Amino acid sequence: EYTMPESLRRVLVTGGAGYIGSHVIYSLQDTRRYKVISVDNHHNSTPKSLVRVAELARSNLPADASEQDKDSAEIDAFAADLTKPEEVRKVFERYGKGGIWGVVHIAAYKAVGESTEIPLTYYANNVGATITLLQIMAEFDCTRIVYSSSATVYGTPPIIPIPETTRLEAQSPYGKTKIMCETVIEDLCNAEPKTWRALSLRYFNPAGAHPSGQIGEDPRGRPGNLLPLLAHMAIGRVKDPKLNVFGNDYPTPDGTCVRDYLHVLDLAKGHLLALDALAPQSKVFDNCPGEGRYKAYNLGKGKGMSVLQIVDAMRKATAYDYKYEIIGRRKGDVPDLTADPALAERELGFKAQQTLETMCRDLWNWQTKNPNGYDGDGSVGFGIF
Ligand code: NAD
Ligand code: WQD
């Protein structure tokens with residue numbers, strides 16, 4: 001029987017079936033240096049995405065792929081809820097103490113509006129899952145973690161572009177769960193500076209899909225986010241296909257809100273760089289603010305795009321004639337969230353290179369190949385349990 005060689009690093013990805021998780025797994029497998037374990041309870045995803053990712057990895061294997069290469073293209077997928085210690089423990093038990101090199105913790109609930117309606121559910125799931133995960137990691141001597149944070153931790157930022165040193169001040173319960181989880185992880189690193197290493201990645205606005213059109217963002221119902229909504233409108237999935245533009249009286253060039261959109265595969269590569277930075281030889285922890293080996297990085301392009309610029313780019317990508325109306329501001333929106341990406345570039349070597357055009361092209365390619373998302377393909381997913 002084949003046993004995994006030491007040279008494949010086992011990495012556990014939580015939320016692996018989701019939009020960002022599936023692209024992160026793709027990028028990990030593409031290096032053929034990792035063996036990916038995915039944990040997801042499919043609250044907001046389907047295991048079909050994992051089937052597609054593994055298919056992509058297999059099809060990318062060279063003709064002379066070794067047994068190890070072939071192993072790296074398969075995912076150990078677990079359907080488990082991270083808030084349930086016994087379910088998480090079962091996953092770690094399968095690999096034993098020290099059997100998992102590190103964790104990329106992506107799983108969370110992420111709807112800002114919903115979090116203001118059911119805050120307790122958000123705190124229990126996002127903060128609860130993170131604490132449970134960290135406890136079980138410690139039990140199994142797994143003390144390296146990359147955490148999915150968000151630009152939403154900056155609230156209304158005092159300076160644009162936003163450096164990581166900006167004070168944290170989220171407005172929504174969702175945003176507060178991101179600050180809380182960062183804090184929990186940082187405190188743990190400070191308490192056990194010889195043991196833990198952690199990086200929080202503050203994503204700006206991820207967009208687009210893998211260029212194959214095999215994986216992508218698959219929101220249920222009418223999308224609340226701008227780019228998926230524009231894609232659903234162009235494919236004919238939206239009943240009243242008119243975009244409500246939430247305000248044009250912001251202090252921005254055209255009055256509409258500005259965001260820092262980056263390609264989801266650029267974002268995924270940031271996770272590879274962050275994982276490498278958790279290795280012993282890494283220099284990123286040489287100048288930490290605290291005792292422990294903990295840092296946070298912005299992942300963005302550093303280029304702001306307005307709502308109307310996005311509509312225009314999607315019009316070019318889809319040839320669909322968008323109708324829009326300017327309505328009042330959406331509660332909780334801030335005028336401008338543009339990253340200062342210099343720290344991640346300098347210390348991680350991260351650069352989000354893909355253009356708004358490729359983001360829109362890849363989003364539209366995914367949407368046209370999967371007009372009903374993963375649900376349209378009639379297949380079933382897989383899992384270990
Ligand atoms: P997503 O909903 O597509 O993926 C999250 C995944 O986590 C889902 O598959 C969901 O089923 C899973 N999950 C949630 N709770 C779980 C639990 N208790 N146990 C196991 N699995 C659980 O969302 P996404 O867009 O891929 O976002 C991923 C992460 O990135 C989240 O932490 C989110 O807060 C963060 N983030 C996303 C964005 C964005 O715009 N998409 C921006 C900034 C930060
Ligand atoms: C983008 C712009 C809207 C829809 C959200 C979360 C954030 C992060 C990413 C997780 C805004 C405008 C939108 C519409 C519009 N997620 N818009 N009409 O709000 O920047 O970020 O997702 O961490 O925390 O808040 O993204 O796509 O919802 O909006 O005018 O129907 O488009 O006002 O300026 P947002 P979005």
# chains A, B, ... in the order shown; residues from 1 in each chain; ligands from 1
call {"tool": "residues_around", "arguments": {"residues": "Thr130 in chain A", "least_positions_apart": "3", "cutoff": "10 Å", "atoms": "only C-alpha atoms", "output": "CSV table (one decimal) with C-alpha atoms, in the first residue's frame"}}
result
chain,number,residue,atom,x,y,z
A,82,LEU,CA,-16.2,23.1,13.3
A,83,THR,CA,-18.2,24.2,16.3
A,105,HIS,CA,-9.0,28.5,8.5
A,106,ILE,CA,-11.5,29.9,5.9
A,107,ALA,CA,-14.9,28.7,7.2
A,108,ALA,CA,-17.3,31.3,8.5
A,124,ALA,CA,-21.4,31.2,18.0
A,125,ASN,CA,-20.4,30.0,14.5
A,126,ASN,CA,-17.4,32.2,13.7
A,127,VAL,CA,-15.8,32.8,17.1
A,133,LEU,CA,-10.4,24.5,16.1
A,134,LEU,CA,-7.5,26.1,18.0
A,135,GLN,CA,-8.1,23.9,21.0
A,147,TYR,CA,-6.7,32.9,9.2
A,177,THR,CA,-16.3,38.3,14.7
A,180,MET,CA,-12.4,38.8,17.8
A,181,CYS,CA,-10.9,35.8,16.0
A,182,GLU,CA,-7.8,37.8,15.1
A,184,VAL,CA,-7.9,35.3,20.0
A,185,ILE,CA,-5.2,34.0,17.6
call {"tool": "closest_atom_pairs", "arguments": {"of": "chain A", "to": "ligand 2", "cutoff": "9 Å", "atoms": "only C-alpha atoms and all ligand atoms", "output": "Markdown table"}}
result
| residue | atom | partner | partner_atom_place_in_ligand_line | distance |
| --- | --- | --- | --- | --- |
| A:Lys110 | CA | ligand 2 | 10 (C) | 5.6 |
| A:Ala111 | CA | ligand 2 | 6 (C) | 7.2 |
| A:Val112 | CA | ligand 2 | 25 (O) | 5.7 |
| A:Gly113 | CA | ligand 2 | 25 (O) | 8.4 |
| A:Ser148 | CA | ligand 2 | 23 (O) | 8.7 |
| A:Ser149 | CA | ligand 2 | 23 (O) | 7.0 |
| A:Ser150 | CA | ligand 2 | 23 (O) | 4.5 |
| A:Ala151 | CA | ligand 2 | 24 (O) | 6.5 |
| A:Thr152 | CA | ligand 2 | 24 (O) | 4.6 |
| A:Val153 | CA | ligand 2 | 24 (O) | 8.0 |
| A:Ser172 | CA | ligand 2 | 24 (O) | 8.8 |
| A:Tyr174 | CA | ligand 2 | 24 (O) | 7.7 |
| A:Gly175 | CA | ligand 2 | 24 (O) | 6.6 |
| A:Lys178 | CA | ligand 2 | 23 (O) | 8.2 |
| A:Arg202 | CA | ligand 2 | 23 (O) | 8.4 |
| A:Tyr203 | CA | ligand 2 | 23 (O) | 7.0 |
| A:Phe204 | CA | ligand 2 | 9 (C) | 6.6 |
| A:Asn205 | CA | ligand 2 | 9 (C) | 5.1 |
| A:Pro206 | CA | ligand 2 | 9 (C) | 7.2 |
| A:Pro223 | CA | ligand 2 | 31 (O) | 7.9 |
| A:Gly224 | CA | ligand 2 | 4 (C) | 5.6 |
| A:Asn225 | CA | ligand 2 | 27 (O) | 3.3 |
| A:Leu226 | CA | ligand 2 | 27 (O) | 3.8 |
| A:Leu227 | CA | ligand 2 | 27 (O) | 6.1 |
| A:Pro228 | CA | ligand 2 | 27 (O) | 7.8 |
| A:Leu229 | CA | ligand 2 | 31 (O) | 6.8 |
| A:Leu230 | CA | ligand 2 | 31 (O) | 8.4 |
| A:Lys242 | CA | ligand 2 | 31 (O) | 9.0 |
| A:Leu243 | CA | ligand 2 | 31 (O) | 5.8 |
| A:Asn244 | CA | ligand 2 | 18 (N) | 5.0 |
| A:Val245 | CA | ligand 2 | 30 (O) | 3.4 |
| A:Phe246 | CA | ligand 2 | 30 (O) | 4.0 |
| A:Gly247 | CA | ligand 2 | 30 (O) | 6.9 |
| A:Asn248 | CA | ligand 2 | 30 (O) | 8.9 |
| A:Thr256 | CA | ligand 2 | 34 (O) | 6.7 |
| A:Cys257 | CA | ligand 2 | 34 (O) | 4.1 |
| A:Val258 | CA | ligand 2 | 34 (O) | 6.1 |
| A:Arg259 | CA | ligand 2 | 20 (O) | 5.9 |
| A:Asp260 | CA | ligand 2 | 20 (O) | 8.3 |
| A:Tyr261 | CA | ligand 2 | 20 (O) | 8.8 |
| A:Ser306 | CA | ligand 2 | 34 (O) | 7.3 |
| A:Val307 | CA | ligand 2 | 32 (O) | 5.3 |
| A:Leu308 | CA | ligand 2 | 30 (O) | 8.4 |
| A:Ile310 | CA | ligand 2 | 32 (O) | 8.4 |
| A:Ile326 | CA | ligand 2 | 30 (O) | 8.0 |
| A:Ile327 | CA | ligand 2 | 30 (O) | 8.4 |
| A:Arg329 | CA | ligand 2 | 33 (O) | 7.0 |
| A:Arg330 | CA | ligand 2 | 33 (O) | 6.0 |
| A:Lys331 | CA | ligand 2 | 33 (O) | 8.8 |
| A:Gly332 | CA | ligand 2 | 25 (O) | 8.0 |
| A:Asp333 | CA | ligand 2 | 33 (O) | 5.9 |
| A:Val334 | CA | ligand 2 | 34 (O) | 7.3 |
| A:Pro335 | CA | ligand 2 | 34 (O) | 7.1 |
| A:Asp336 | CA | ligand 2 | 34 (O) | 8.0 |
| A:Leu337 | CA | ligand 2 | 20 (O) | 7.5 |
call {"tool": "write_last_selection", "arguments": {"atoms": "C-alpha atoms", "output": "compact mmCIF listing (two decimals), in the first residue's frame"}}
result
# COMPACT_ATOMS: atom_id res chain seq x y z
CA LYS A 110 -20.16 35.96 5.97
CA ALA A 111 -23.40 37.85 5.29
CA VAL A 112 -23.04 41.29 6.85
CA GLY A 113 -26.78 42.12 6.86
CA SER A 148 -9.28 34.47 6.74
CA SER A 149 -9.93 37.98 7.95
CA SER A 150 -11.49 40.87 6.07
CA ALA A 151 -11.07 44.53 5.21
CA THR A 152 -14.32 45.00 7.09
CA VAL A 153 -12.19 45.10 10.31
CA SER A 172 -21.41 44.74 12.01
CA TYR A 174 -19.86 39.81 11.25
CA GLY A 175 -16.98 42.29 11.17
CA LYS A 178 -13.28 38.86 12.41
CA ARG A 202 -7.40 40.70 5.51
CA TYR A 203 -9.10 40.16 2.16
CA PHE A 204 -10.42 43.14 0.26
CA ASN A 205 -13.07 42.29 -2.40
CA PRO A 206 -12.36 38.91 -4.03
CA PRO A 223 -26.95 37.80 -4.68
CA GLY A 224 -26.33 40.64 -2.25
CA ASN A 225 -22.82 41.33 -3.54
CA LEU A 226 -22.26 43.45 -6.62
CA LEU A 227 -20.31 41.21 -9.02
CA PRO A 228 -22.28 37.97 -8.50
CA LEU A 229 -25.48 40.01 -8.85
CA LEU A 230 -24.32 41.47 -12.17
CA LYS A 242 -32.36 46.31 -12.52
CA LEU A 243 -29.37 47.17 -10.41
CA ASN A 244 -29.98 49.37 -7.41
CA VAL A 245 -26.86 51.47 -7.01
CA PHE A 246 -26.59 52.27 -3.32
CA GLY A 247 -25.88 56.00 -3.39
CA ASN A 248 -23.95 58.38 -5.64
CA THR A 256 -20.45 55.76 -5.89
CA CYS A 257 -18.55 53.55 -3.41
CA VAL A 258 -15.01 52.49 -4.17
CA ARG A 259 -13.70 48.99 -3.42
CA ASP A 260 -10.45 47.12 -4.01
CA TYR A 261 -11.41 44.11 -6.14
CA SER A 306 -16.28 52.46 -8.19
CA VAL A 307 -19.65 50.73 -8.55
CA LEU A 308 -20.17 52.39 -11.94
CA ILE A 310 -17.65 47.70 -12.18
CA ILE A 326 -29.39 55.25 -8.12
CA ILE A 327 -31.17 54.68 -4.82
CA ARG A 329 -27.17 54.46 0.58
CA ARG A 330 -27.05 50.92 2.00
CA LYS A 331 -26.71 50.79 5.78
CA GLY A 332 -23.16 49.99 6.83
CA ASP A 333 -21.50 50.86 3.49
CA VAL A 334 -18.36 52.97 3.68
CA PRO A 335 -17.19 55.30 0.87
CA ASP A 336 -13.82 53.73 0.11
CA LEU A 337 -12.01 50.52 1.07
call {"tool": "closest_residue", "arguments": {"among": "A:Gln367, A:Gln214, A:Asn190, A:Asn41", "to": "Ser22 in chain A", "atoms": "only C-alpha atoms"}}
result
A:Gln214
call {"tool": "select_by_dssp", "arguments": {"residues": "range 166-374 of chain A", "states": "strand (DSSP E or B)", "output": "ChimeraX atom specification"}}
result
/A:197-203,205-207,242-246,258-259,261-263,293-299,305-306,323-327,336-337,339
call {"tool": "write_last_selection", "arguments": {"atoms": "C-alpha atoms", "output": "PDB file, in the first residue's frame"}}
result
ATOM      1  CA  ARG A 197       2.769  30.875  14.427  1.00  0.00           C
ATOM      2  CA  ALA A 198      -0.159  32.620  12.789  1.00  0.00           C
ATOM      3  CA  LEU A 199      -0.998  35.041  10.010  1.00  0.00           C
ATOM      4  CA  SER A 200      -4.297  36.812   9.472  1.00  0.00           C
ATOM      5  CA  LEU A 201      -5.065  37.743   5.886  1.00  0.00           C
ATOM      6  CA  ARG A 202      -7.401  40.704   5.506  1.00  0.00           C
ATOM      7  CA  TYR A 203      -9.100  40.159   2.164  1.00  0.00           C
ATOM      8  CA  ASN A 205     -13.073  42.285  -2.401  1.00  0.00           C
ATOM      9  CA  PRO A 206     -12.356  38.911  -4.032  1.00  0.00           C
ATOM     10  CA  ALA A 207     -13.889  38.442  -7.487  1.00  0.00           C
ATOM     11  CA  LYS A 242     -32.356  46.315 -12.517  1.00  0.00           C
ATOM     12  CA  LEU A 243     -29.369  47.171 -10.411  1.00  0.00           C
ATOM     13  CA  ASN A 244     -29.977  49.373  -7.411  1.00  0.00           C
ATOM     14  CA  VAL A 245     -26.859  51.467  -7.011  1.00  0.00           C
ATOM     15  CA  PHE A 246     -26.592  52.272  -3.324  1.00  0.00           C
ATOM     16  CA  VAL A 258     -15.008  52.493  -4.172  1.00  0.00           C
ATOM     17  CA  ARG A 259     -13.701  48.994  -3.420  1.00  0.00           C
ATOM     18  CA  TYR A 261     -11.410  44.107  -6.142  1.00  0.00           C
ATOM     19  CA  LEU A 262      -8.840  41.346  -6.593  1.00  0.00           C
ATOM     20  CA  HIS A 263      -8.918  38.100  -8.549  1.00  0.00           C
ATOM     21  CA  ARG A 293       4.783  35.113  16.120  1.00  0.00           C
ATOM     22  CA  TYR A 294       1.619  36.766  14.812  1.00  0.00           C
ATOM     23  CA  LYS A 295       0.981  39.245  12.020  1.00  0.00           C
ATOM     24  CA  ALA A 296      -1.833  40.516   9.823  1.00  0.00           C
ATOM     25  CA  TYR A 297      -1.553  41.361   6.122  1.00  0.00           C
ATOM     26  CA  ASN A 298      -3.848  43.152   3.695  1.00  0.00           C
ATOM     27  CA  LEU A 299      -4.528  41.225   0.507  1.00  0.00           C
ATOM     28  CA  MET A 305     -12.889  50.779  -8.421  1.00  0.00           C
ATOM     29  CA  SER A 306     -16.275  52.462  -8.194  1.00  0.00           C
ATOM     30  CA  LYS A 323     -30.186  48.979 -16.362  1.00  0.00           C
ATOM     31  CA  TYR A 324     -29.512  50.702 -13.092  1.00  0.00           C
ATOM     32  CA  GLU A 325     -31.080  53.196 -10.772  1.00  0.00           C
ATOM     33  CA  ILE A 326     -29.391  55.248  -8.116  1.00  0.00           C
ATOM     34  CA  ILE A 327     -31.175  54.677  -4.821  1.00  0.00           C
ATOM     35  CA  ASP A 336     -13.822  53.731   0.113  1.00  0.00           C
ATOM     36  CA  LEU A 337     -12.008  50.516   1.068  1.00  0.00           C
ATOM     37  CA  ALA A 339      -5.786  48.513   0.564  1.00  0.00           C
TER      38      ALA A 339
END
call {"tool": "atom_distance", "arguments": {"atom1": "CA of Leu265 in chain A", "atom2": "CA of Asp76 in chain A"}}
result
21.6 Å
call {"tool": "residues_around", "arguments": {"residues": "Asn370 in chain A", "least_positions_apart": "6", "cutoff": "10 Å", "atoms": "only C-alpha atoms", "output": "CSV table (one decimal) with N, CA, C and O atoms, in the first residue's frame"}}
result
chain,number,residue,atom,x,y,z
A,213,GLY,N,-13.6,27.8,-15.6
A,213,GLY,CA,-15.1,27.9,-15.4
A,213,GLY,C,-15.6,26.7,-14.7
A,213,GLY,O,-16.8,26.4,-14.6
A,214,GLN,N,-14.8,25.9,-14.1
A,214,GLN,CA,-15.2,24.7,-13.3
A,214,GLN,C,-15.6,25.0,-11.9
A,214,GLN,O,-16.3,24.3,-11.3
A,215,ILE,N,-14.9,26.0,-11.3
A,215,ILE,CA,-15.3,26.4,-9.9
A,215,ILE,C,-15.5,27.9,-9.9
A,215,ILE,O,-14.9,28.7,-10.7
A,216,GLY,N,-16.4,28.3,-9.0
A,216,GLY,CA,-16.7,29.8,-8.9
A,216,GLY,C,-17.6,30.1,-7.7
A,216,GLY,O,-17.8,29.2,-6.9
A,218,ASP,N,-21.0,30.7,-5.9
A,218,ASP,CA,-22.4,30.2,-6.2
A,218,ASP,C,-23.4,30.6,-5.1
A,218,ASP,O,-23.8,29.8,-4.4
A,235,ILE,N,-27.1,36.5,-16.9
A,235,ILE,CA,-27.5,35.2,-17.3
A,235,ILE,C,-29.0,34.9,-17.2
A,235,ILE,O,-29.5,33.9,-17.7
A,364,TRP,N,-17.7,35.7,-15.8
A,364,TRP,CA,-18.7,35.4,-16.8
A,364,TRP,C,-18.6,34.1,-17.4
A,364,TRP,O,-19.6,33.4,-17.7
A,376,GLY,N,-26.8,22.9,-11.2
A,376,GLY,CA,-27.2,22.5,-12.5
A,376,GLY,C,-26.6,21.2,-13.1
A,376,GLY,O,-27.0,20.7,-14.1
A,377,ASP,N,-25.5,20.7,-12.4
A,377,ASP,CA,-24.8,19.6,-13.0
A,377,ASP,C,-25.2,18.2,-12.8
A,377,ASP,O,-24.7,17.2,-13.3
call {"tool": "closest_residue", "arguments": {"among": "A:Gly300, A:Pro289, A:Pro193, A:Gly236", "to": "ligand 1", "atoms": "only C-alpha atoms and all ligand atoms"}}
result
A:Gly300
call {"tool": "closest_residue", "arguments": {"among": "A:Thr195, A:Gln29, A:Thr46, A:Thr338", "to": "Arg58 in chain A", "atoms": "only C-alpha atoms"}}
result
A:Gln29
call {"tool": "residues_around", "arguments": {"residues": "Glu347 in chain A", "least_positions_apart": "4", "cutoff": "9 Å", "atoms": "only C-alpha atoms", "output": "JSON, numbers by chain"}}
result
{"A": [277, 283, 284, 342, 343]}
call {"tool": "select_by_dssp", "arguments": {"residues": "range 50-211 of chain A", "states": "helix (DSSP H, G or I)", "output": "MDAnalysis selection string"}}
result
chainID A and resid 50:59 67:72 85:95 112:117 119:139 151:154 173:191
